[in-house]
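Novice: Got target08.csv for you, CSV, C-alpha atoms:
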```csv
chain,number,residue,atom,x,y,z
A,183,SER,CA,-13.9,-91.6,58.5
A,184,PHE,CA,-15.2,-93.1,55.3
A,185,GLU,CA,-15.0,-89.8,53.3
A,186,ARG,CA,-11.3,-89.3,54.3
A,187,THR,CA,-10.5,-92.9,53.1
A,188,VAL,CA,-12.3,-92.2,49.8
A,189,GLY,CA,-10.3,-89.0,49.6
A,190,PHE,CA,-7.1,-90.9,50.1
A,191,LEU,CA,-8.0,-93.4,47.4
A,192,ALA,CA,-9.0,-90.6,45.0
A,193,ALA,CA,-5.8,-88.7,45.6
A,194,SER,CA,-3.6,-91.8,45.1
A,195,PRO,CA,-3.8,-91.9,41.3
A,196,PHE,CA,-2.5,-88.3,41.1
A,197,THR,CA,0.6,-89.3,43.1
A,198,LEU,CA,1.1,-92.5,41.2
A,199,VAL,CA,0.9,-90.8,37.9
A,200,TYR,CA,3.2,-88.0,39.1
A,201,VAL,CA,5.9,-90.5,40.1
A,202,MET,CA,5.4,-93.1,37.4
A,203,ALA,CA,4.8,-90.9,34.3
A,204,PRO,CA,8.5,-89.9,33.8
A,205,LEU,CA,9.6,-93.5,34.2
A,206,TYR,CA,7.0,-94.6,31.7
A,207,VAL,CA,7.9,-92.0,29.1
A,208,PHE,CA,11.6,-92.8,29.5
A,209,ALA,CA,10.9,-96.6,29.1
A,210,ALA,CA,8.7,-96.0,26.0
A,211,LEU,CA,11.3,-93.7,24.4
A,212,VAL,CA,14.2,-96.2,25.1
A,213,ALA,CA,12.2,-99.1,23.8
A,214,LEU,CA,11.5,-97.4,20.4
A,215,PRO,CA,15.1,-97.4,19.1
A,216,LEU,CA,16.0,-100.7,20.8
A,217,PHE,CA,12.9,-102.6,19.6
A,218,PRO,CA,11.3,-100.6,16.8
A,219,ARG,CA,9.3,-103.4,15.3
A,220,HIS,CA,8.1,-105.2,18.5
A,221,PRO,CA,4.4,-104.9,19.1
A,222,LEU,CA,4.9,-104.2,22.8
A,223,THR,CA,7.0,-101.2,22.0
A,224,TRP,CA,4.0,-99.7,20.0
A,225,ALA,CA,1.6,-100.7,22.8
A,226,LEU,CA,3.8,-98.8,25.2
A,227,LEU,CA,3.9,-95.8,22.9
A,228,ALA,CA,0.2,-95.8,22.0
A,229,PRO,CA,-1.0,-93.8,25.1
A,230,LEU,CA,1.7,-91.2,24.5
A,231,LEU,CA,0.8,-90.9,20.9
A,232,VAL,CA,-2.9,-90.6,21.6
A,233,SER,CA,-2.2,-88.0,24.2
A,234,LEU,CA,-0.1,-86.0,21.8
A,235,MET,CA,-2.8,-86.1,19.1
A,236,LEU,CA,-5.7,-85.0,21.4
A,237,PRO,CA,-6.6,-81.3,21.1
A,238,PRO,CA,-6.3,-79.3,24.3
A,239,TRP,CA,-10.1,-78.8,24.6
A,240,VAL,CA,-10.5,-82.5,25.5
A,241,ALA,CA,-8.8,-82.1,28.8
A,242,LEU,CA,-10.7,-78.8,29.4
A,243,ARG,CA,-14.0,-80.6,28.9
A,244,LEU,CA,-13.1,-83.6,31.0
A,245,SER,CA,-11.7,-81.8,34.0
A,246,PRO,CA,-15.0,-81.0,35.6
A,247,TYR,CA,-16.1,-84.6,35.4
A,248,VAL,CA,-12.8,-85.8,36.9
A,249,LEU,CA,-12.6,-83.1,39.7
A,250,CYS,CA,-16.2,-82.7,40.6
A,251,ASN,CA,-17.3,-86.3,41.0
A,252,TRP,CA,-18.1,-87.4,44.6
A,253,ALA,CA,-14.8,-89.3,45.1
A,254,SER,CA,-12.7,-86.3,44.0
A,255,ARG,CA,-14.6,-84.0,46.3
A,256,GLN,CA,-13.4,-86.0,49.2
A,257,ILE,CA,-9.7,-85.3,48.5
A,258,PRO,CA,-9.8,-81.9,50.4
A,259,LYS,CA,-11.3,-83.8,53.4
A,260,PHE,CA,-8.4,-86.2,53.4
A,261,PHE,CA,-5.9,-83.3,53.5
A,262,ALA,CA,-8.1,-81.3,56.0
A,263,TYR,CA,-8.0,-78.5,53.3
A,264,GLU,CA,-9.3,-75.1,54.2
A,265,GLU,CA,-9.6,-72.0,52.2
A,266,TYR,CA,-9.7,-68.4,53.4
A,267,HIS,CA,-11.0,-65.7,51.1
A,268,GLU,CA,-11.0,-62.0,51.3
A,269,THR,CA,-13.4,-61.9,48.4
A,270,THR,CA,-15.7,-64.3,46.6
A,271,ASP,CA,-15.2,-65.7,43.1
A,272,GLN,CA,-18.0,-63.6,41.8
A,273,GLU,CA,-16.4,-60.4,43.2
A,274,LEU,CA,-13.1,-61.4,41.6
A,275,GLN,CA,-14.8,-62.0,38.2
A,276,ALA,CA,-16.7,-58.7,38.4
A,277,ALA,CA,-13.5,-56.8,39.3
A,278,HIS,CA,-11.6,-58.5,36.5
A,279,ALA,CA,-14.3,-57.7,34.0
A,280,ALA,CA,-14.0,-54.0,35.2
A,281,GLY,CA,-10.3,-54.1,34.4
A,282,LYS,CA,-8.8,-54.7,37.9
A,283,ARG,CA,-5.9,-57.2,38.1
A,284,PHE,CA,-5.1,-59.7,40.9
A,285,VAL,CA,-2.4,-62.2,41.7
A,286,LEU,CA,-3.9,-65.4,43.3
A,287,VAL,CA,-1.6,-67.7,45.0
A,288,ALA,CA,-1.8,-71.1,46.8
A,289,HIS,CA,1.1,-72.7,48.8
A,290,PRO,CA,2.0,-76.1,47.4
A,291,HIS,CA,3.5,-78.8,49.5
A,292,GLY,CA,4.6,-82.4,49.2
A,293,VAL,CA,5.8,-84.3,46.2
A,294,PHE,CA,2.7,-83.4,44.3
A,295,SER,CA,0.9,-80.2,45.0
A,296,PHE,CA,-2.5,-81.2,46.2
A,297,CYS,CA,-3.1,-77.6,47.2
A,298,GLY,CA,-3.7,-76.9,43.5
A,299,VAL,CA,-6.0,-79.9,43.1
A,300,CYS,CA,-8.0,-79.1,46.3
A,301,GLY,CA,-8.3,-75.4,45.2
A,302,ALA,CA,-9.5,-76.4,41.8
A,303,ILE,CA,-12.0,-78.9,43.3
A,304,ALA,CA,-13.2,-76.2,45.8
A,305,SER,CA,-13.7,-73.6,43.1
A,306,MET,CA,-15.2,-75.9,40.4
A,307,CYS,CA,-17.6,-77.6,42.7
A,308,ALA,CA,-18.7,-74.8,45.0
A,309,SER,CA,-22.2,-73.3,44.3
A,310,ASP,CA,-20.6,-69.8,44.4
A,311,GLY,CA,-17.3,-70.8,42.7
A,312,ILE,CA,-16.1,-70.3,39.2
A,313,GLY,CA,-17.4,-73.7,38.1
A,314,ALA,CA,-16.5,-75.9,35.2
A,315,SER,CA,-14.9,-73.0,33.3
A,316,LEU,CA,-12.0,-72.8,35.8
A,317,PRO,CA,-9.5,-74.5,33.5
A,318,GLU,CA,-10.3,-72.0,30.8
A,319,VAL,CA,-10.2,-68.9,32.9
A,320,ALA,CA,-7.3,-69.9,35.1
A,321,PRO,CA,-4.8,-71.9,33.0
A,322,THR,CA,-1.2,-72.1,34.2
A,323,ALA,CA,1.6,-74.6,33.9
A,324,ALA,CA,2.2,-74.6,37.7
A,325,ALA,CA,-1.3,-75.0,39.2
A,326,SER,CA,-4.8,-74.4,38.0
A,327,VAL,CA,-5.5,-72.1,40.9
A,328,ILE,CA,-2.7,-69.6,40.3
A,329,ARG,CA,-3.6,-67.0,37.7
A,330,PHE,CA,-2.6,-63.4,37.0
A,331,PHE,CA,-5.8,-61.4,36.6
```
Turn this file's structure into C-alpha cells for me.
Specialist:
Amino acid sequence: SFERTVGFLAASPFTLVYVMAPLYVFAALVALPLFPRHPLTWALLAPLLVSLMLPPWVALRLSPYVLCNWASRQIPKFFAYEEYHETTDQELQAAHAAGKRFVLVAHPHGVFSFCGVCGAIASMCASDGIGASLPEVAPTAAASVIRFF
C-alpha cells in the first residue's frame, strides 16, 4: 500500500545514517591530519563541529517534529508494528508520580532497532500517549522507549 511505501522511504534515512555515520566520522577525522588546510576537509568537519556545539535541548525540541510528521507515522505500518500494553501511559505516569518504579522493555531487531523508533512514534503521536515530552521523560542511550521508572 501507499502508506507502507511511505513508511519504507521514511525509515530508509535512519538505516542510511546508522551505516554511513561511522564511515563519515572516520573519513573526516582521517582527512584532518592529512589535509588540515584544505577547504573540503573543513567542509567535511563542519556538520560534526556544529553537532558538537549544539546544546542537547535542540534534539529534544526537534524530535516531536521529526517523529510525529505524517511520513514518520507510517514507519510502524511498514514494519507491521504492534504494541501490547498491560497499562496505559497515563497509568504509568500516575504510578511513577506516586513512587512506583517500572522497567519498560522493547525487543530490538535488525541492523538498526526500529522497535525503538516505532515505540517512540507510537507513544509521542498517540492521543493517550506521553507525547512530545517522551525524550525528556524517557532518555536512554540504547532506545528512547526503555526507561527505568
Novice: Find the distance between CA of Cys307 (chain A) and CA of Leu244 (chain A) and write it in Å to one decimal.
Specialist: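 Calculated distance between CA of Cys307 (chain A) and CA of Leu244 (chain A) is 13.9 Å.
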Novice: Which of these, A:Phe284, A:Thr270, A:Ala262, A:Pro246, has the shortest distance to Ile303 (chain A) once you count all atoms listed in the file?
Specialist: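 That would be A:Pro246, the residue with the smallest distance to Ile303 (chain A).
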Novice: Kindly indicate which residue among A:Arg243, A:His220, A:Lys259, A:Lys282 lies nearest to Ser183 (chain A), using all atoms listed in the file for the distances.
Specialist: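 Distance minimum relative to Ser183 (chain A) lands on A:Lys259.
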Novice: State, in Å with one decimal place, the distance from CA of Trp252 (chain A) to CA of Phe190 (chain A).
Specialist: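 Computed distance, CA of Trp252 (chain A) to CA of Phe190 (chain A), equals 12.8 Å.
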Novice: Quick one: of A:Thr223, A:Gln256, A:Asn251, A:Ser245, who's nearest to Val188 (chain A), counting all atoms listed in the file?
Specialist: A:Gln256
Novice: What's around Ala228 (chain A) at 12 Å? Count only C-alpha atoms, leave out sequence neighbours fewer than 4 positions away in its own chain, and write the answer as an MDAnalysis selection string.
Specialist: chainID A and resid 206:207 210:211 214 221:224 232:235
Novice: Tell me, as a PyMOL selection string, which residues lie within 12 Å of Thr269 (chain A), counting all atoms listed in the file; anything in the same chain fewer than 4 positions away does not count.
Specialist: chain A and resi 265+273-277+284+286+310-311
Novice: Have a look at CA of Ala192 (chain A) and CA of Leu205 (chain A) and let me know their distance in Å, one decimal.
Specialist: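 CA of Leu205 (chain A) lies at a distance of 21.7 Å from CA of Ala192 (chain A).
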Novice: Between A:Phe184, A:Phe196, A:Phe208, A:Trp239, which residue has the minimum interatomic distance to Leu227 (chain A), considering only C-alpha atoms?
Specialist: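 Counting only C-alpha atoms, the residue closest to Leu227 (chain A) is A:Phe208.
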Novice: Start from the incomplete input, build N, CA and C atoms for region 256-287 of chain A, and deliver everything as a short mmCIF file (atom, residue, chain, number, x, y, z; two decimals), in the frame of the given file.
Specialist:
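What ended up in rebuild27.cif:
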```cif
data_model
loop_
_atom_site.label_atom_id
_atom_site.label_comp_id
_atom_site.auth_asym_id
_atom_site.auth_seq_id
_atom_site.Cartn_x
_atom_site.Cartn_y
_atom_site.Cartn_z
N GLN A 256 -13.84 -85.59 47.89
CA GLN A 256 -13.40 -86.00 49.20
C GLN A 256 -11.89 -85.79 49.41
N ILE A 257 -11.15 -85.49 48.34
CA ILE A 257 -9.70 -85.30 48.50
C ILE A 257 -9.41 -84.13 49.44
N PRO A 258 -10.08 -82.98 49.36
CA PRO A 258 -9.80 -81.90 50.40
C PRO A 258 -10.06 -82.38 51.80
N LYS A 259 -11.02 -83.26 52.00
CA LYS A 259 -11.30 -83.80 53.40
C LYS A 259 -10.14 -84.61 53.87
N PHE A 260 -9.53 -85.40 52.99
CA PHE A 260 -8.40 -86.20 53.40
C PHE A 260 -7.24 -85.33 53.86
N PHE A 261 -7.01 -84.21 53.17
CA PHE A 261 -5.90 -83.30 53.50
C PHE A 261 -6.32 -82.25 54.55
N ALA A 262 -7.55 -82.30 55.05
CA ALA A 262 -8.10 -81.30 56.00
C ALA A 262 -7.84 -79.89 55.36
N TYR A 263 -8.17 -79.77 54.08
CA TYR A 263 -8.00 -78.50 53.30
C TYR A 263 -8.94 -77.46 53.72
N GLU A 264 -8.43 -76.27 53.91
CA GLU A 264 -9.30 -75.10 54.20
C GLU A 264 -8.87 -73.97 53.32
N GLU A 265 -9.84 -73.15 52.95
CA GLU A 265 -9.60 -72.00 52.20
C GLU A 265 -10.08 -70.74 52.93
N TYR A 266 -9.32 -69.68 52.84
CA TYR A 266 -9.70 -68.40 53.40
C TYR A 266 -9.74 -67.37 52.33
N HIS A 267 -10.85 -66.69 52.19
CA HIS A 267 -11.00 -65.70 51.10
C HIS A 267 -11.26 -64.33 51.66
N GLU A 268 -10.65 -63.37 51.01
CA GLU A 268 -11.00 -62.00 51.30
C GLU A 268 -12.10 -61.49 50.43
N THR A 269 -12.34 -62.21 49.36
CA THR A 269 -13.40 -61.90 48.40
C THR A 269 -13.93 -63.12 47.77
N THR A 270 -15.11 -63.08 47.20
CA THR A 270 -15.70 -64.30 46.60
C THR A 270 -15.25 -64.37 45.12
N ASP A 271 -15.48 -65.54 44.53
CA ASP A 271 -15.20 -65.70 43.10
C ASP A 271 -15.93 -64.76 42.24
N GLN A 272 -17.19 -64.51 42.59
CA GLN A 272 -18.00 -63.60 41.80
C GLN A 272 -17.45 -62.18 41.85
N GLU A 273 -17.01 -61.76 43.04
CA GLU A 273 -16.40 -60.40 43.20
C GLU A 273 -15.13 -60.30 42.36
N LEU A 274 -14.32 -61.36 42.37
CA LEU A 274 -13.10 -61.40 41.60
C LEU A 274 -13.42 -61.27 40.07
N GLN A 275 -14.40 -62.05 39.63
CA GLN A 275 -14.80 -62.00 38.20
C GLN A 275 -15.32 -60.66 37.82
N ALA A 276 -16.12 -60.05 38.66
CA ALA A 276 -16.70 -58.70 38.40
C ALA A 276 -15.57 -57.68 38.31
N ALA A 277 -14.63 -57.73 39.25
CA ALA A 277 -13.50 -56.80 39.30
C ALA A 277 -12.63 -56.97 38.04
N HIS A 278 -12.41 -58.25 37.68
CA HIS A 278 -11.60 -58.50 36.50
C HIS A 278 -12.27 -58.00 35.23
N ALA A 279 -13.56 -58.18 35.14
CA ALA A 279 -14.30 -57.70 34.00
C ALA A 279 -14.23 -56.12 33.93
N ALA A 280 -14.10 -55.50 35.11
CA ALA A 280 -14.00 -54.00 35.20
C ALA A 280 -12.56 -53.56 34.95
N GLY A 281 -11.63 -54.47 34.75
CA GLY A 281 -10.30 -54.10 34.40
C GLY A 281 -9.26 -54.19 35.59
N LYS A 282 -9.71 -54.57 36.77
CA LYS A 282 -8.80 -54.70 37.90
C LYS A 282 -8.05 -56.04 37.79
N ARG A 283 -6.77 -56.05 38.20
CA ARG A 283 -5.90 -57.20 38.10
C ARG A 283 -5.53 -57.74 39.46
N PHE A 284 -5.41 -59.06 39.60
CA PHE A 284 -5.10 -59.70 40.90
C PHE A 284 -4.00 -60.75 40.64
N VAL A 285 -3.29 -61.09 41.68
CA VAL A 285 -2.40 -62.20 41.70
C VAL A 285 -2.96 -63.18 42.76
N LEU A 286 -3.39 -64.37 42.34
CA LEU A 286 -3.90 -65.40 43.30
C LEU A 286 -2.84 -66.42 43.51
N VAL A 287 -2.62 -66.78 44.75
CA VAL A 287 -1.60 -67.70 45.00
C VAL A 287 -2.10 -68.85 45.97
#
```
